[in-house]
Amino acid sequence: MSEHRFSRRLLAWYDRHGRQALPWKRKPDPYRIWISEIMLQQTQVKTVIPYFNRFIRHFPNVRALARAETDAVLHLWTGLGYYARARNLHKAAQQIVAQHAGVFPRAFDAVADLPGIGRSTAGAILALAFGRRHAILDGNVKRVLARFHAIDTPLNKRATEDRLWRLAEHHTPRKRVADYTQAIMDLGATVCVRTNPRCTVCPLHVNCRAYRHGSPEVYPVRIGVRRAPLKATRMLMIRDRRGHVLLQRRPPVGLWGGLWGFPECLDGDACHWCREALGLNVQTETPWPVLRHNFSHYHLNITPIPARVVGGTDQLMENPETVWYNLNQPDRRGFSAPVKRLLDQLRVTQGRRTNI
Ligand code: SF4
């Protein structure tokens, strides 16, 4: 299909059915588009909207984000997952201030040079914010193109990726680039969905090869995708005599990097571990039910173990990486979703105890 017919059909569909009311579209400046594009990586629009609104309220522009504390940024990201995105946003804002006088760059190479921004995200920001003709190839677009062209080579091969980029560039029109970019993302998110694509209402179905073959869900082809393994950990929810809970900041990189969480003891006697690793005498209580947290590459079973300090807490003084957290006066820090959930449950349990 020619570049024009593909984009014309898509744009006509977008004018009638596209998601025009998204909050980052109301005032499409590059800063807001950038924040939304990063939040939308791996995350659905309806989840992103309240996070986006809150984030923009706190950090309305690049300079406000650049001068924020990392904890304040991670705090606003709590529950959204993939926290490297927040750390990279923060670093990128500081880079924009240092290297571009606080003005979001317009050159493709300068945008792609920012932490956390790859070729597709750079293209999306420039297309959506400035109407520049750049192709995008996020997960949704890969699915649409792989189906439309019935590409039967595995998606995780370099040659397939190169071919998809060529097709993405071929279909990107010269006019209405911003609308086209939003349109193809919307089509992938709402019509050409992973399971049960809604081909009968798709503007591309007449020429879609996967649809004509009667097998859209076969595409995109993936091989060598192993089942995600199951891992386990135990989180120690240690309370002192005031009811404050011991939290530690995780290392800046890696899983939940820079977020606050409970000490984790993988196996063995938890009381012994606390004495050895934390210098604390504790008494453990009955573990809470196991929490399952799913990552893209593995599943994590978390056993939460409540514990009380016996004796003083003097050996474990507070420092920048360790805090006795007051559940009733929560401050601004970032938590992973399971830790946030456990803190909320602890707060409820503590409230019940106080009311007895
Ligand atoms: S016809 Fe079906 S498979 Fe083809 S692009 Fe549209 S929704 Fe996707």
# chains A, B, ... in the order shown; residues from 1 in each chain; ligands from 1
>>> select_by_dssp(residues="stretch 21-150 of chain A", states="alpha helix (DSSP H)", output="ChimeraX atom specification")
/A:23-26,30-40,45-58,62-66,70-77,84-100,108-112,119-130,139-148
>>> write_last_selection(atoms="C-alpha atoms", output="PDB file, in the first residue's frame")
ATOM      1  CA  PRO A  23      -4.141  15.746  29.011  1.00  0.00           C
ATOM      2  CA  TRP A  24      -0.724  16.068  27.321  1.00  0.00           C
ATOM      3  CA  LYS A  25      -2.489  16.974  24.067  1.00  0.00           C
ATOM      4  CA  ARG A  26      -4.286  19.962  25.571  1.00  0.00           C
ATOM      5  CA  PRO A  30       7.813  19.243  24.270  1.00  0.00           C
ATOM      6  CA  TYR A  31       8.195  18.960  28.057  1.00  0.00           C
ATOM      7  CA  ARG A  32       4.680  17.579  28.577  1.00  0.00           C
ATOM      8  CA  ILE A  33       4.960  15.322  25.518  1.00  0.00           C
ATOM      9  CA  TRP A  34       8.283  13.986  26.789  1.00  0.00           C
ATOM     10  CA  ILE A  35       6.921  13.216  30.285  1.00  0.00           C
ATOM     11  CA  SER A  36       3.874  11.476  28.777  1.00  0.00           C
ATOM     12  CA  GLU A  37       5.947   9.440  26.315  1.00  0.00           C
ATOM     13  CA  ILE A  38       8.209   8.169  29.096  1.00  0.00           C
ATOM     14  CA  MET A  39       5.260   7.344  31.355  1.00  0.00           C
ATOM     15  CA  LEU A  40       3.499   5.543  28.499  1.00  0.00           C
ATOM     16  CA  VAL A  45      -2.992   5.453  29.094  1.00  0.00           C
ATOM     17  CA  LYS A  46      -5.658   5.142  31.792  1.00  0.00           C
ATOM     18  CA  THR A  47      -2.990   4.324  34.399  1.00  0.00           C
ATOM     19  CA  VAL A  48      -0.739   7.141  33.236  1.00  0.00           C
ATOM     20  CA  ILE A  49      -3.278  10.020  33.266  1.00  0.00           C
ATOM     21  CA  PRO A  50      -3.476  10.619  37.075  1.00  0.00           C
ATOM     22  CA  TYR A  51       0.308  10.188  37.418  1.00  0.00           C
ATOM     23  CA  PHE A  52       0.887  12.636  34.575  1.00  0.00           C
ATOM     24  CA  ASN A  53      -1.437  15.269  36.056  1.00  0.00           C
ATOM     25  CA  ARG A  54       0.185  14.994  39.483  1.00  0.00           C
ATOM     26  CA  PHE A  55       3.704  15.085  38.045  1.00  0.00           C
ATOM     27  CA  ILE A  56       3.001  18.198  35.978  1.00  0.00           C
ATOM     28  CA  ARG A  57       1.406  19.916  38.973  1.00  0.00           C
ATOM     29  CA  HIS A  58       4.589  19.392  40.990  1.00  0.00           C
ATOM     30  CA  VAL A  62      12.165  21.279  32.925  1.00  0.00           C
ATOM     31  CA  ARG A  63      13.830  23.563  35.467  1.00  0.00           C
ATOM     32  CA  ALA A  64      11.451  22.562  38.253  1.00  0.00           C
ATOM     33  CA  LEU A  65      12.175  18.901  37.535  1.00  0.00           C
ATOM     34  CA  ALA A  66      15.928  19.460  37.303  1.00  0.00           C
ATOM     35  CA  THR A  70      15.427  12.446  43.582  1.00  0.00           C
ATOM     36  CA  ASP A  71      13.164  11.254  46.430  1.00  0.00           C
ATOM     37  CA  ALA A  72      10.475  13.741  45.399  1.00  0.00           C
ATOM     38  CA  VAL A  73      10.584  12.481  41.785  1.00  0.00           C
ATOM     39  CA  LEU A  74      10.468   8.823  42.833  1.00  0.00           C
ATOM     40  CA  HIS A  75       7.661   9.607  45.276  1.00  0.00           C
ATOM     41  CA  LEU A  76       5.471  10.800  42.384  1.00  0.00           C
ATOM     42  CA  TRP A  77       6.388   7.669  40.427  1.00  0.00           C
ATOM     43  CA  ALA A  84      14.698   3.720  35.895  1.00  0.00           C
ATOM     44  CA  ARG A  85      12.362   5.866  33.777  1.00  0.00           C
ATOM     45  CA  ALA A  86      11.955   8.363  36.629  1.00  0.00           C
ATOM     46  CA  ARG A  87      15.654   8.445  37.435  1.00  0.00           C
ATOM     47  CA  ASN A  88      16.458   9.019  33.753  1.00  0.00           C
ATOM     48  CA  LEU A  89      13.845  11.798  33.453  1.00  0.00           C
ATOM     49  CA  HIS A  90      15.448  13.544  36.379  1.00  0.00           C
ATOM     50  CA  LYS A  91      18.966  13.190  34.929  1.00  0.00           C
ATOM     51  CA  ALA A  92      17.763  14.270  31.486  1.00  0.00           C
ATOM     52  CA  ALA A  93      16.138  17.413  32.930  1.00  0.00           C
ATOM     53  CA  GLN A  94      19.458  18.306  34.568  1.00  0.00           C
ATOM     54  CA  GLN A  95      21.225  17.685  31.245  1.00  0.00           C
ATOM     55  CA  ILE A  96      18.756  19.963  29.418  1.00  0.00           C
ATOM     56  CA  VAL A  97      19.415  22.733  31.936  1.00  0.00           C
ATOM     57  CA  ALA A  98      23.188  22.260  31.810  1.00  0.00           C
ATOM     58  CA  GLN A  99      23.592  21.805  28.060  1.00  0.00           C
ATOM     59  CA  HIS A 100      20.559  23.475  26.462  1.00  0.00           C
ATOM     60  CA  PHE A 108      17.110  14.646  16.800  1.00  0.00           C
ATOM     61  CA  ASP A 109      20.641  13.731  17.970  1.00  0.00           C
ATOM     62  CA  ALA A 110      20.414  16.024  20.989  1.00  0.00           C
ATOM     63  CA  VAL A 111      17.052  14.515  21.995  1.00  0.00           C
ATOM     64  CA  ALA A 112      18.255  10.937  21.478  1.00  0.00           C
ATOM     65  CA  ARG A 119      15.238   6.366  18.645  1.00  0.00           C
ATOM     66  CA  SER A 120      11.472   5.795  18.791  1.00  0.00           C
ATOM     67  CA  THR A 121      10.838   8.076  21.778  1.00  0.00           C
ATOM     68  CA  ALA A 122      12.985  10.835  20.242  1.00  0.00           C
ATOM     69  CA  GLY A 123      10.997  10.523  17.007  1.00  0.00           C
ATOM     70  CA  ALA A 124       7.675  10.581  18.879  1.00  0.00           C
ATOM     71  CA  ILE A 125       8.569  13.713  20.873  1.00  0.00           C
ATOM     72  CA  LEU A 126       9.761  15.616  17.795  1.00  0.00           C
ATOM     73  CA  ALA A 127       6.779  14.513  15.719  1.00  0.00           C
ATOM     74  CA  LEU A 128       4.171  15.212  18.406  1.00  0.00           C
ATOM     75  CA  ALA A 129       5.633  18.454  19.751  1.00  0.00           C
ATOM     76  CA  PHE A 130       7.030  20.075  16.593  1.00  0.00           C
ATOM     77  CA  GLY A 139       5.558  -1.894  20.790  1.00  0.00           C
ATOM     78  CA  ASN A 140       2.135  -0.897  19.468  1.00  0.00           C
ATOM     79  CA  VAL A 141       3.484   0.275  16.126  1.00  0.00           C
ATOM     80  CA  LYS A 142       5.594  -2.862  15.725  1.00  0.00           C
ATOM     81  CA  ARG A 143       2.475  -4.959  16.205  1.00  0.00           C
ATOM     82  CA  VAL A 144       0.425  -2.974  13.666  1.00  0.00           C
ATOM     83  CA  LEU A 145       3.159  -3.063  11.013  1.00  0.00           C
ATOM     84  CA  ALA A 146       4.081  -6.718  11.607  1.00  0.00           C
ATOM     85  CA  ARG A 147       0.435  -7.662  11.116  1.00  0.00           C
ATOM     86  CA  PHE A 148      -0.308  -5.303   8.281  1.00  0.00           C
TER      87      PHE A 148
END
>>> residues_near_ligand(ligand="ligand 1", cutoff="9 Å", atoms="only C-alpha atoms and all ligand atoms", output="PyMOL selection string")
chain A and resi 143-150+187-188+190-193+196-212+214-217+219
>>> write_last_selection(atoms="C-alpha atoms", output="PDB file, in the first residue's frame")
ATOM      1  CA  ARG A 143       2.475  -4.959  16.205  1.00  0.00           C
ATOM      2  CA  VAL A 144       0.425  -2.974  13.666  1.00  0.00           C
ATOM      3  CA  LEU A 145       3.159  -3.063  11.013  1.00  0.00           C
ATOM      4  CA  ALA A 146       4.081  -6.718  11.607  1.00  0.00           C
ATOM      5  CA  ARG A 147       0.435  -7.662  11.116  1.00  0.00           C
ATOM      6  CA  PHE A 148      -0.308  -5.303   8.281  1.00  0.00           C
ATOM      7  CA  HIS A 149       2.653  -6.646   6.287  1.00  0.00           C
ATOM      8  CA  ALA A 150       2.422 -10.203   7.715  1.00  0.00           C
ATOM      9  CA  LEU A 187      -4.695   2.159  16.662  1.00  0.00           C
ATOM     10  CA  GLY A 188      -2.211  -0.244  18.273  1.00  0.00           C
ATOM     11  CA  THR A 190      -7.258   0.345  21.040  1.00  0.00           C
ATOM     12  CA  VAL A 191      -7.902  -1.676  17.844  1.00  0.00           C
ATOM     13  CA  CYS A 192      -4.890  -3.749  16.819  1.00  0.00           C
ATOM     14  CA  VAL A 193      -4.508  -5.030  20.369  1.00  0.00           C
ATOM     15  CA  ASN A 196      -8.565 -10.329  19.871  1.00  0.00           C
ATOM     16  CA  PRO A 197      -7.703  -7.429  17.550  1.00  0.00           C
ATOM     17  CA  ARG A 198     -10.841  -5.611  16.364  1.00  0.00           C
ATOM     18  CA  CYS A 199     -10.112  -6.049  12.669  1.00  0.00           C
ATOM     19  CA  THR A 200     -13.648  -5.404  11.445  1.00  0.00           C
ATOM     20  CA  VAL A 201     -13.516  -1.797  12.694  1.00  0.00           C
ATOM     21  CA  CYS A 202      -9.891  -1.260  11.682  1.00  0.00           C
ATOM     22  CA  PRO A 203      -9.338   1.350   8.949  1.00  0.00           C
ATOM     23  CA  LEU A 204      -6.497  -0.775   7.529  1.00  0.00           C
ATOM     24  CA  HIS A 205      -8.271  -4.103   7.280  1.00  0.00           C
ATOM     25  CA  VAL A 206      -8.856  -3.996   3.516  1.00  0.00           C
ATOM     26  CA  ASN A 207      -5.145  -4.271   2.831  1.00  0.00           C
ATOM     27  CA  CYS A 208      -3.976  -5.956   6.012  1.00  0.00           C
ATOM     28  CA  ARG A 209      -2.224  -9.194   5.090  1.00  0.00           C
ATOM     29  CA  ALA A 210      -2.564 -10.799   8.517  1.00  0.00           C
ATOM     30  CA  TYR A 211      -6.300 -10.132   8.448  1.00  0.00           C
ATOM     31  CA  ARG A 212      -6.600 -11.526   4.926  1.00  0.00           C
ATOM     32  CA  GLY A 214      -7.258 -14.961   8.912  1.00  0.00           C
ATOM     33  CA  SER A 215      -4.495 -15.079  11.506  1.00  0.00           C
ATOM     34  CA  PRO A 216      -3.687 -11.639  12.951  1.00  0.00           C
ATOM     35  CA  GLU A 217      -2.702 -12.975  16.355  1.00  0.00           C
ATOM     36  CA  TYR A 219       1.976 -11.747  14.349  1.00  0.00           C
TER      37      TYR A 219
END
>>> select_by_dssp(residues="stretch 77-321 of chain A", states="strand (DSSP E)", output="PyMOL selection string")
chain A and resi 230-239+245-249+260-261+282-284+291-294+299-309
>>> closest_residue(among="A:Thr322, A:Val245, A:Trp260, A:Pro330", to="A:Val309", atoms="only C-alpha atoms")
A:Val245
>>> residues_around(residues="stretch 166-169 of chain A", least_positions_apart="2", cutoff="10 Å", atoms="only C-alpha atoms", output="number ranges by chain")
A: 3, 133-137, 141-142, 145-146, 149, 160-164, 171-173
>>> atom_distance(atom1="atom CA of A:Leu230", atom2="atom CA of A:Asn156")
23.0 Å
>>> atom_distance(atom1="atom CA of A:Arg174", atom2="atom CA of A:Arg5")
12.8 Å
>>> atom_distance(atom1="atom CA of A:Arg249", atom2="atom CA of A:Asp269")
22.8 Å
>>> decode(residues="stretch 273-312 of chain A", atoms="N, CA and C atoms", output="tab-separated table (two decimals), in the first residue's frame")
chain	number	residue	atom	x	y	z
A	273	TRP	N	19.43	-13.12	61.34
A	273	TRP	CA	19.85	-12.22	60.26
A	273	TRP	C	19.82	-10.76	60.73
A	274	CYS	N	18.76	-10.41	61.47
A	274	CYS	CA	18.64	-9.01	61.94
A	274	CYS	C	19.77	-8.66	62.90
A	275	ARG	N	20.13	-9.63	63.76
A	275	ARG	CA	21.25	-9.37	64.69
A	275	ARG	C	22.54	-9.16	63.91
A	276	GLU	N	22.77	-10.06	62.93
A	276	GLU	CA	24.04	-10.01	62.19
A	276	GLU	C	24.10	-8.82	61.23
A	277	ALA	N	23.03	-8.62	60.46
A	277	ALA	CA	23.08	-7.61	59.38
A	277	ALA	C	22.72	-6.21	59.86
A	278	LEU	N	21.83	-6.12	60.87
A	278	LEU	CA	21.34	-4.80	61.28
A	278	LEU	C	21.75	-4.43	62.70
A	279	GLY	N	22.24	-5.42	63.47
A	279	GLY	CA	22.57	-5.16	64.87
A	279	GLY	C	21.34	-4.94	65.71
A	280	LEU	N	20.23	-5.57	65.34
A	280	LEU	CA	18.97	-5.39	66.06
A	280	LEU	C	18.47	-6.72	66.60
A	281	ASN	N	17.97	-6.70	67.84
A	281	ASN	CA	17.28	-7.88	68.37
A	281	ASN	C	15.80	-7.72	68.05
A	282	VAL	N	15.26	-8.68	67.34
A	282	VAL	CA	13.83	-8.57	66.99
A	282	VAL	C	13.11	-9.87	67.32
A	283	GLN	N	11.81	-9.72	67.45
A	283	GLN	CA	10.94	-10.88	67.62
A	283	GLN	C	10.00	-10.89	66.40
A	284	THR	N	10.00	-11.99	65.67
A	284	THR	CA	9.15	-12.03	64.48
A	284	THR	C	7.74	-12.49	64.84
A	285	GLU	N	6.78	-12.12	63.99
A	285	GLU	CA	5.39	-12.53	64.19
A	285	GLU	C	4.96	-13.39	63.00
A	286	THR	N	3.72	-13.82	63.01
A	286	THR	CA	3.25	-14.70	61.93
A	286	THR	C	3.36	-13.98	60.58
A	287	PRO	N	4.01	-14.59	59.58
A	287	PRO	CA	4.12	-13.94	58.27
A	287	PRO	C	2.75	-13.66	57.66
A	288	TRP	N	2.67	-12.59	56.90
A	288	TRP	CA	1.45	-12.27	56.17
A	288	TRP	C	1.40	-13.13	54.89
A	289	PRO	N	0.22	-13.19	54.27
A	289	PRO	CA	0.12	-13.98	53.02
A	289	PRO	C	1.10	-13.48	51.95
A	290	VAL	N	1.54	-14.41	51.13
A	290	VAL	CA	2.52	-14.09	50.09
A	290	VAL	C	1.92	-13.12	49.07
A	291	LEU	N	2.73	-12.12	48.70
A	291	LEU	CA	2.32	-11.14	47.67
A	291	LEU	C	3.04	-11.51	46.38
A	292	ARG	N	2.35	-11.58	45.28
A	292	ARG	CA	3.01	-11.85	44.00
A	292	ARG	C	3.19	-10.54	43.24
A	293	HIS	N	4.42	-10.27	42.81
A	293	HIS	CA	4.65	-9.09	41.97
A	293	HIS	C	5.24	-9.56	40.65
A	294	ASN	N	4.63	-9.13	39.55
A	294	ASN	CA	5.08	-9.60	38.24
A	294	ASN	C	5.91	-8.54	37.53
A	295	PHE	N	7.11	-8.92	37.15
A	295	PHE	CA	7.94	-8.08	36.29
A	295	PHE	C	7.85	-8.65	34.88
A	296	SER	N	8.40	-7.90	33.90
A	296	SER	CA	8.32	-8.41	32.53
A	296	SER	C	9.19	-9.67	32.39
A	297	HIS	N	10.26	-9.78	33.15
A	297	HIS	CA	11.18	-10.90	32.94
A	297	HIS	C	11.17	-11.92	34.06
A	298	TYR	N	10.49	-11.69	35.16
A	298	TYR	CA	10.30	-12.73	36.18
A	298	TYR	C	9.16	-12.36	37.13
A	299	HIS	N	8.76	-13.37	37.90
A	299	HIS	CA	7.73	-13.14	38.92
A	299	HIS	C	8.42	-13.19	40.29
A	300	LEU	N	7.93	-12.40	41.22
A	300	LEU	CA	8.55	-12.35	42.54
A	300	LEU	C	7.49	-12.65	43.60
A	301	ASN	N	7.74	-13.70	44.39
A	301	ASN	CA	6.87	-13.97	45.54
A	301	ASN	C	7.48	-13.32	46.77
A	302	ILE	N	6.70	-12.45	47.40
A	302	ILE	CA	7.20	-11.72	48.57
A	302	ILE	C	6.49	-12.22	49.81
A	303	THR	N	7.26	-12.69	50.79
A	303	THR	CA	6.66	-13.05	52.07
A	303	THR	C	6.92	-11.91	53.06
A	304	PRO	N	5.88	-11.18	53.47
A	304	PRO	CA	6.08	-10.08	54.43
A	304	PRO	C	6.10	-10.66	55.85
A	305	ILE	N	7.15	-10.34	56.60
A	305	ILE	CA	7.25	-10.84	57.98
A	305	ILE	C	7.25	-9.66	58.95
A	306	PRO	N	6.18	-9.51	59.75
A	306	PRO	CA	6.19	-8.44	60.74
A	306	PRO	C	7.15	-8.81	61.87
A	307	ALA	N	7.79	-7.81	62.47
A	307	ALA	CA	8.71	-8.07	63.58
A	307	ALA	C	8.74	-6.85	64.48
A	308	ARG	N	9.06	-7.10	65.76
A	308	ARG	CA	9.17	-6.00	66.73
A	308	ARG	C	10.58	-5.97	67.27
A	309	VAL	N	11.09	-4.77	67.51
A	309	VAL	CA	12.41	-4.66	68.13
A	309	VAL	C	12.27	-4.99	69.61
A	310	VAL	N	13.18	-5.82	70.12
A	310	VAL	CA	13.22	-6.00	71.57
A	310	VAL	C	14.52	-5.36	72.04
A	311	GLY	N	14.45	-4.54	73.07
A	311	GLY	CA	15.62	-3.77	73.48
A	311	GLY	C	15.65	-2.47	72.70
A	312	GLY	N	16.75	-1.76	72.74
A	312	GLY	CA	16.84	-0.43	72.12
A	312	GLY	C	17.12	-0.53	70.64
